file entry_26.csv (CSV, C-alpha atoms and all ligand atoms)
chain,number,residue,atom,x,y,z
A,1,MET,CA,21.1,-13.2,16.2
A,2,GLU,CA,24.3,-14.8,17.5
A,3,THR,CA,27.1,-15.7,15.2
A,4,MET,CA,28.5,-19.2,15.5
A,5,ILE,CA,31.7,-20.7,14.0
A,6,THR,CA,31.5,-24.5,14.1
A,7,PRO,CA,34.5,-26.3,12.7
A,8,SER,CA,33.8,-29.5,10.8
A,9,LEU,CA,35.7,-32.5,12.2
A,10,LEU,CA,35.7,-34.0,8.8
A,11,SER,CA,39.0,-32.2,8.1
A,12,ALA,CA,40.4,-33.1,11.5
A,13,ASP,CA,42.8,-36.0,12.0
A,14,PHE,CA,40.6,-38.9,12.9
A,15,ALA,CA,43.5,-40.6,14.7
A,16,ASN,CA,43.9,-37.5,16.9
A,17,LEU,CA,40.4,-36.3,17.5
A,18,GLN,CA,40.9,-35.3,21.1
A,19,ARG,CA,43.9,-33.2,20.1
A,20,ASP,CA,42.0,-31.5,17.2
A,21,ILE,CA,38.8,-30.9,19.4
A,22,ASP,CA,41.0,-29.2,22.0
A,23,ALA,CA,42.7,-27.2,19.2
A,24,VAL,CA,39.4,-25.4,18.5
A,25,ALA,CA,38.3,-24.8,22.1
A,26,ASN,CA,37.4,-21.2,21.2
A,27,ALA,CA,34.8,-22.3,18.6
A,28,ASP,CA,31.1,-22.2,19.2
A,29,GLY,CA,30.5,-25.8,18.5
A,30,LEU,CA,31.8,-28.9,16.7
A,31,HIS,CA,30.2,-29.9,13.4
A,32,ILE,CA,30.2,-33.7,13.0
A,33,ASP,CA,29.5,-35.1,9.5
A,34,VAL,CA,27.8,-38.5,9.5
A,35,MET,CA,27.9,-40.2,6.1
A,36,ASP,CA,26.6,-43.7,5.1
A,37,TYR,CA,28.1,-44.5,1.6
A,38,ASP,CA,24.5,-44.3,0.3
A,39,PHE,CA,23.1,-40.8,0.6
A,40,VAL,CA,26.6,-39.5,-0.2
A,41,PRO,CA,29.6,-41.4,-1.7
A,42,ASN,CA,31.6,-41.3,1.5
A,43,LEU,CA,31.6,-43.0,4.9
A,44,THR,CA,32.7,-41.3,8.1
A,45,VAL,CA,31.6,-41.9,11.7
A,46,GLY,CA,28.5,-43.0,13.4
A,47,LEU,CA,26.9,-43.2,16.8
A,48,PRO,CA,29.8,-44.8,18.8
A,49,VAL,CA,32.2,-42.1,17.8
A,50,VAL,CA,29.7,-39.4,18.6
A,51,GLU,CA,29.1,-40.9,22.0
A,52,SER,CA,32.8,-40.9,22.7
A,53,ILE,CA,33.1,-37.3,21.5
A,54,ARG,CA,30.2,-36.4,23.9
A,55,LYS,CA,32.3,-37.7,26.8
A,56,ALA,CA,35.4,-36.0,25.6
A,57,THR,CA,34.1,-32.4,25.4
A,58,ASP,CA,31.4,-30.0,26.6
A,59,GLN,CA,31.3,-28.3,23.3
A,60,PHE,CA,28.0,-27.8,21.5
A,61,LEU,CA,27.7,-30.8,19.2
A,62,ASP,CA,26.1,-30.1,15.8
A,63,ILE,CA,25.4,-33.4,14.0
A,64,HIS,CA,25.0,-33.3,10.2
A,65,LEU,CA,23.4,-36.5,9.0
A,66,MET,CA,24.1,-37.2,5.4
A,67,ILE,CA,22.3,-40.6,5.5
A,68,THR,CA,19.5,-42.2,3.6
A,69,ASP,CA,17.2,-43.1,6.5
A,70,PRO,CA,17.3,-40.2,9.1
A,71,ASP,CA,13.8,-41.1,10.3
A,72,ARG,CA,15.3,-44.2,11.7
A,73,TRP,CA,18.7,-43.1,13.0
A,74,ALA,CA,18.6,-39.4,13.8
A,75,PRO,CA,16.9,-39.8,17.3
A,76,SER,CA,19.8,-41.8,18.6
A,77,TYR,CA,22.1,-38.9,18.1
A,78,ALA,CA,19.8,-36.7,20.2
A,79,GLU,CA,19.7,-39.3,22.8
A,80,ALA,CA,23.5,-39.4,22.8
A,81,GLY,CA,23.4,-35.8,24.0
A,82,ALA,CA,24.0,-33.9,20.8
A,83,GLU,CA,22.6,-30.3,21.1
A,84,SER,CA,21.6,-30.2,17.5
A,85,VAL,CA,20.8,-32.9,14.9
A,86,THR,CA,20.3,-32.0,11.3
A,87,PHE,CA,18.8,-34.3,8.7
A,88,HIS,CA,18.5,-33.8,4.9
A,89,ILE,CA,15.1,-32.9,3.7
A,90,GLU,CA,15.8,-34.9,0.5
A,91,ALA,CA,16.1,-38.1,2.7
A,92,ALA,CA,13.5,-37.6,5.4
A,93,LYS,CA,10.3,-39.5,4.9
A,94,ALA,CA,8.3,-37.6,7.6
A,95,PRO,CA,10.3,-34.5,8.4
A,96,ILE,CA,7.7,-33.0,10.6
A,97,ARG,CA,7.4,-36.1,12.7
A,98,LEU,CA,11.2,-36.4,12.8
A,99,ALA,CA,11.8,-32.8,13.8
A,100,ARG,CA,9.2,-33.1,16.6
A,101,GLU,CA,10.8,-36.3,17.8
A,102,LEU,CA,14.3,-34.6,18.0
A,103,ARG,CA,12.9,-31.7,19.9
A,104,ARG,CA,11.0,-34.0,22.3
A,105,ILE,CA,14.2,-35.7,23.1
A,106,GLY,CA,15.8,-32.3,23.8
A,107,ALA,CA,17.9,-31.5,20.8
A,108,ARG,CA,17.5,-28.7,18.3
A,109,ALA,CA,16.2,-30.0,15.0
A,110,GLY,CA,17.9,-29.0,11.8
A,111,MET,CA,16.8,-29.4,8.2
A,112,ALA,CA,19.5,-29.5,5.4
A,113,LEU,CA,19.1,-28.7,1.7
A,114,ASN,CA,21.4,-29.8,-1.1
A,115,PRO,CA,22.5,-27.1,-3.6
A,116,ALA,CA,19.8,-28.2,-6.1
A,117,THR,CA,17.0,-28.2,-3.6
A,118,ASP,CA,14.7,-25.2,-3.5
A,119,ILE,CA,13.6,-23.8,-0.2
A,120,ASP,CA,10.2,-22.5,-1.2
A,121,GLY,CA,8.6,-25.9,-1.3
A,122,TYR,CA,9.4,-26.2,2.4
A,123,ARG,CA,8.3,-22.8,3.6
A,124,ASP,CA,5.3,-24.3,5.5
A,125,ILE,CA,7.4,-26.5,7.8
A,126,LEU,CA,10.1,-23.9,8.7
A,127,GLY,CA,8.4,-23.4,12.0
A,128,GLU,CA,9.1,-27.0,12.9
A,129,VAL,CA,12.8,-26.6,12.9
A,130,ASP,CA,15.5,-24.7,14.9
A,131,MET,CA,18.0,-24.4,12.0
A,132,VAL,CA,18.1,-24.6,8.2
A,133,LEU,CA,21.4,-25.7,6.7
A,134,ILE,CA,22.1,-24.6,3.2
A,135,MET,CA,24.7,-26.7,1.6
A,136,THR,CA,27.1,-24.6,-0.5
A,137,VAL,CA,28.8,-27.7,-2.0
A,138,GLU,CA,27.5,-31.1,-3.0
A,139,PRO,CA,27.7,-33.0,0.2
A,140,GLY,CA,30.2,-35.8,0.7
A,141,PHE,CA,33.7,-34.3,0.9
A,142,GLY,CA,35.6,-31.5,2.5
A,143,GLY,CA,37.8,-29.1,0.6
A,144,GLN,CA,35.4,-28.4,-2.3
A,145,LYS,CA,34.9,-25.0,-3.9
A,146,PHE,CA,32.1,-22.8,-2.6
A,147,LEU,CA,29.1,-22.7,-5.0
A,148,ASP,CA,28.2,-19.0,-5.5
A,149,LEU,CA,24.9,-20.2,-7.1
A,150,CYS,CA,23.7,-21.0,-3.6
A,151,LEU,CA,23.8,-17.4,-2.3
A,152,PRO,CA,20.4,-16.4,-3.5
A,153,LYS,CA,18.9,-19.3,-1.6
A,154,ILE,CA,20.5,-18.1,1.6
A,155,THR,CA,19.0,-14.7,1.0
A,156,ARG,CA,15.6,-16.2,0.2
A,157,THR,CA,15.7,-18.5,3.3
A,158,ARG,CA,16.4,-15.6,5.6
A,159,GLU,CA,13.5,-13.8,4.0
A,160,LEU,CA,11.2,-16.7,4.6
A,161,LEU,CA,12.4,-17.1,8.2
A,162,GLY,CA,11.5,-13.5,8.9
A,163,ASP,CA,12.0,-12.5,12.5
A,164,ARG,CA,11.7,-16.0,13.8
A,165,ASP,CA,14.6,-17.2,15.9
A,166,ILE,CA,15.7,-19.9,13.6
A,167,TRP,CA,19.4,-20.4,12.8
A,168,LEU,CA,20.6,-20.3,9.2
A,169,GLN,CA,23.8,-22.4,8.7
A,170,VAL,CA,26.1,-22.6,5.7
A,171,ASP,CA,28.3,-25.6,5.0
A,172,GLY,CA,30.8,-26.2,2.2
A,173,GLY,CA,33.7,-24.1,1.0
A,174,VAL,CA,33.3,-21.6,3.8
A,175,GLY,CA,36.5,-19.8,4.6
A,176,PRO,CA,38.1,-16.3,4.8
A,177,GLU,CA,37.3,-15.7,1.1
A,178,THR,CA,33.6,-16.6,1.2
A,179,ILE,CA,32.3,-16.2,4.8
A,180,GLU,CA,31.4,-12.5,4.4
A,181,ARG,CA,29.2,-13.1,1.4
A,182,CYS,CA,27.3,-15.8,3.4
A,183,ALA,CA,26.9,-13.5,6.3
A,184,GLU,CA,25.6,-10.7,4.1
A,185,ALA,CA,23.1,-13.1,2.6
A,186,GLY,CA,21.8,-13.8,6.1
A,187,ALA,CA,23.6,-16.8,7.4
A,188,ASN,CA,24.6,-16.8,11.1
A,189,VAL,CA,26.1,-20.3,11.7
A,190,PHE,CA,29.2,-21.1,9.7
A,191,VAL,CA,30.7,-24.5,9.2
A,192,ALA,CA,34.4,-24.6,8.1
A,193,GLY,CA,36.3,-27.8,7.8
A,194,SER,CA,39.4,-27.5,5.6
A,195,ALA,CA,39.8,-23.8,6.3
A,196,VAL,CA,40.1,-24.4,10.0
A,197,PHE,CA,42.0,-27.7,10.2
A,198,ASN,CA,44.4,-27.1,7.3
A,199,ALA,CA,45.4,-23.8,8.9
A,200,ASP,CA,48.7,-23.7,10.8
A,201,ASP,CA,46.7,-22.4,13.8
A,202,PRO,CA,43.1,-23.6,13.8
A,203,ALA,CA,42.1,-21.5,16.8
A,204,ALA,CA,43.4,-18.4,15.1
A,205,MET,CA,41.4,-19.2,12.0
A,206,VAL,CA,38.3,-19.5,14.1
A,207,ASP,CA,38.9,-16.1,15.5
A,208,LEU,CA,39.7,-14.7,12.0
A,209,LEU,CA,36.4,-16.1,10.6
A,210,ARG,CA,34.5,-14.6,13.5
A,211,ALA,CA,36.1,-11.2,12.8
A,212,GLU,CA,35.3,-11.4,9.1
A,213,VAL,CA,31.6,-11.9,10.0
A,214,ALA,CA,31.7,-9.0,12.5
A,215,GLY,CA,32.9,-6.9,9.5
B,301,LIG,C1,30.6,-31.9,3.3
B,301,LIG,C2,30.4,-31.7,4.8
B,301,LIG,C3,31.1,-30.5,5.3
B,301,LIG,C4,32.6,-30.4,5.1
B,301,LIG,C5,32.9,-29.0,4.8
B,301,LIG,O1,29.7,-32.7,2.8
B,301,LIG,O2,29.0,-31.5,5.1
B,301,LIG,O3,30.7,-30.2,6.7
B,301,LIG,O4,33.3,-30.9,6.2
B,301,LIG,O5,34.3,-29.0,4.5
B,301,LIG,P1,34.9,-27.7,3.9
B,301,LIG,O6,34.7,-26.6,4.9
B,301,LIG,O7,36.3,-28.1,3.7
B,301,LIG,O8,34.2,-27.4,2.6
B,302,ZN,ZN,28.6,-30.9,7.2
call {"tool": "encode", "arguments": {"input": "entry_26.csv", "output": "structure tokens"}}
result
Amino acid sequence: METMITPSLLSADFANLQRDIDAVANADGLHIDVMDYDFVPNLTVGLPVVESIRKATDQFLDIHLMITDPDRWAPSYAEAGAESVTFHIEAAKAPIRLARELRRIGARAGMALNPATDIDGYRDILGEVDMVLIMTVEPGFGGQKFLDLCLPKITRTRELLGDRDIWLQVDGGVGPETIERCAEAGANVFVAGSAVFNADDPAAMVDLLRAEVAG
């Protein structure tokens, strides 16, 4: 399964998004964190900014919705041309219907789990999604410490996915110190915000993270 390094724009300079998007042109996609001051205690960007980013780059756009009502708002991000749209399973009222709707529009559907959410209760719907996102910090902010207690869940999720071609993403505290452990546990898509954009050379950090995964 392919390895993808997807820098999170949450740690980019929002006044210089084009510059920072261009700074990681060697990445495999851009992770965009949408927060609503309700599902998480932070507010970031919404559809207008995603639409502008869509026009500004051909990169794979990986939207991470940390919002209370994804059933209502997620489809618009797929319609805006994002390749992947991920909703939180704790928030979705009808995750199967929502995943099918996202796929119908043409996006990959992703399902995210907070650190305290167990994967086993969702094993039956794994076939409905293209990606599972395991949060390795409590969602809401960049720059938090990686939660080691999430590692067994990554292993367990990969086990449940079996040989299905479903991506397993990790998000939160991922950097040179932690990425190998995530890869060993079975993750193949790696979000890194502060590690990439706080680096002197963000593109070099993307390459370094890719090299760490390759072993
Ligand atoms: C946090 C976001 C992450 C965040 C990760 O809620 O979902 O994508 O940008 O930032 P780092 O990599 O700094 O932990
Ligand atoms: Zn995220």
call {"tool": "closest_residue", "arguments": {"input": "entry_26.csv", "among": "A:Pro70, A:Pro48, A:Pro7, A:Pro152", "to": "ligand ZN 302 (chain B)", "atoms": "all atoms listed in the file"}}
result
A:Pro7
call {"tool": "atom_distance", "arguments": {"input": "entry_26.csv", "atom1": "atom O7 of ligand LIG 301 (chain B)", "atom2": "atom CA of Leu161 of chain A"}}
result
26.7 Å
call {"tool": "residues_near_ligand", "arguments": {"input": "entry_26.csv", "ligand": "ligand LIG 301 (chain B)", "cutoff": "9 Å", "atoms": "only C-alpha atoms and all ligand atoms", "output": "PyMOL selection string"}}
result
chain A and resi 7-11+31-35+40+42+64-66+135-146+170-175+191-198
call {"tool": "closest_residue", "arguments": {"input": "entry_26.csv", "among": "A:Arg54, A:Arg123, A:Lys153, A:Arg103", "to": "Gly81 of chain A", "atoms": "all atoms listed in the file"}}
result
A:Arg54
call {"tool": "atom_distance", "arguments": {"input": "entry_26.csv", "atom1": "atom CA of Met131 of chain A", "atom2": "atom CA of Arg72 of chain A"}}
result
20.0 Å
call {"tool": "residues_near_point", "arguments": {"input": "entry_26.csv", "point": "(20.7, -28.1, 1.8)", "cutoff": "6 Å", "atoms": "all atoms listed in the file", "output": "list in words"}}
result
Ala112, Leu113, Asn114, Pro115, Leu133, Ile134 and Met135 of chain A
call {"tool": "closest_residue", "arguments": {"input": "entry_26.csv", "among": "A:Pro176, A:Ile125, A:Leu147, A:Ala12", "to": "Met205 of chain A", "atoms": "only C-alpha atoms"}}
result
A:Pro176
call {"tool": "closest_residue", "arguments": {"input": "entry_26.csv", "among": "A:Tyr122, A:Tyr77, A:Trp167, A:Phe87", "to": "ligand ZN 302 (chain B)", "atoms": "all atoms listed in the file"}}
result
A:Phe87
call {"tool": "atom_distance", "arguments": {"input": "entry_26.csv", "atom1": "atom CA of Ile5 of chain A", "atom2": "atom CA of Asp165 of chain A"}}
result
17.6 Å
call {"tool": "closest_residue", "arguments": {"input": "entry_26.csv", "among": "A:Ala27, A:Ala78, A:Ile166, A:Ile89", "to": "Glu51 of chain A", "atoms": "all atoms listed in the file"}}
result
A:Ala78
call {"tool": "closest_residue", "arguments": {"input": "entry_26.csv", "among": "A:Leu43, A:Val132, A:Ala185, A:Ile63", "to": "ligand ZN 302 (chain B)", "atoms": "only C-alpha atoms and all ligand atoms"}}
result
A:Ile63
call {"tool": "residues_around", "arguments": {"input": "entry_26.csv", "residues": "Arg19 of chain A", "least_positions_apart": "2", "cutoff": "12 Å", "atoms": "only C-alpha atoms", "output": "number ranges by chain"}}
result
A: 9, 12-17, 21-25, 53, 56-57, 197, 202
call {"tool": "residues_near_point", "arguments": {"input": "entry_26.csv", "point": "(25.6, -17.5, 11.0)", "cutoff": "10 Å", "atoms": "only C-alpha atoms", "output": "list in words"}}
result
Met1, Glu2, Thr3, Met4, Ile5, Thr6, Trp167, Leu168, Gln169, Val170, Ile179, Cys182, Ala183, Glu184, Ala185, Gly186, Ala187, Asn188, Val189, Phe190, Val191, Arg210 and Val213 of chain A
call {"tool": "residues_around", "arguments": {"input": "entry_26.csv", "residues": "Pro75 of chain A", "least_positions_apart": "4", "cutoff": "9 Å", "atoms": "all atoms listed in the file", "output": "PyMOL selection string"}}
result
chain A and resi 70-71+79-80+85+98+101-102+105
call {"tool": "write_last_selection", "arguments": {"input": "entry_26.csv", "atoms": "C-alpha atoms", "output": "PDB file, in the coordinates of the input"}}
result
ATOM      1  CA  PRO A  70      17.300 -40.200   9.100  1.00  0.00           C
ATOM      2  CA  ASP A  71      13.800 -41.100  10.300  1.00  0.00           C
ATOM      3  CA  GLU A  79      19.700 -39.300  22.800  1.00  0.00           C
ATOM      4  CA  ALA A  80      23.500 -39.400  22.800  1.00  0.00           C
ATOM      5  CA  VAL A  85      20.800 -32.900  14.900  1.00  0.00           C
ATOM      6  CA  LEU A  98      11.200 -36.400  12.800  1.00  0.00           C
ATOM      7  CA  GLU A 101      10.800 -36.300  17.800  1.00  0.00           C
ATOM      8  CA  LEU A 102      14.300 -34.600  18.000  1.00  0.00           C
ATOM      9  CA  ILE A 105      14.200 -35.700  23.100  1.00  0.00           C
TER      10      ILE A 105
END
call {"tool": "residues_around", "arguments": {"input": "entry_26.csv", "residues": "Glu83 of chain A", "least_positions_apart": "4", "cutoff": "9 Å", "atoms": "all atoms listed in the file", "output": "PyMOL selection string"}}
result
chain A and resi 60-63+78+106-109
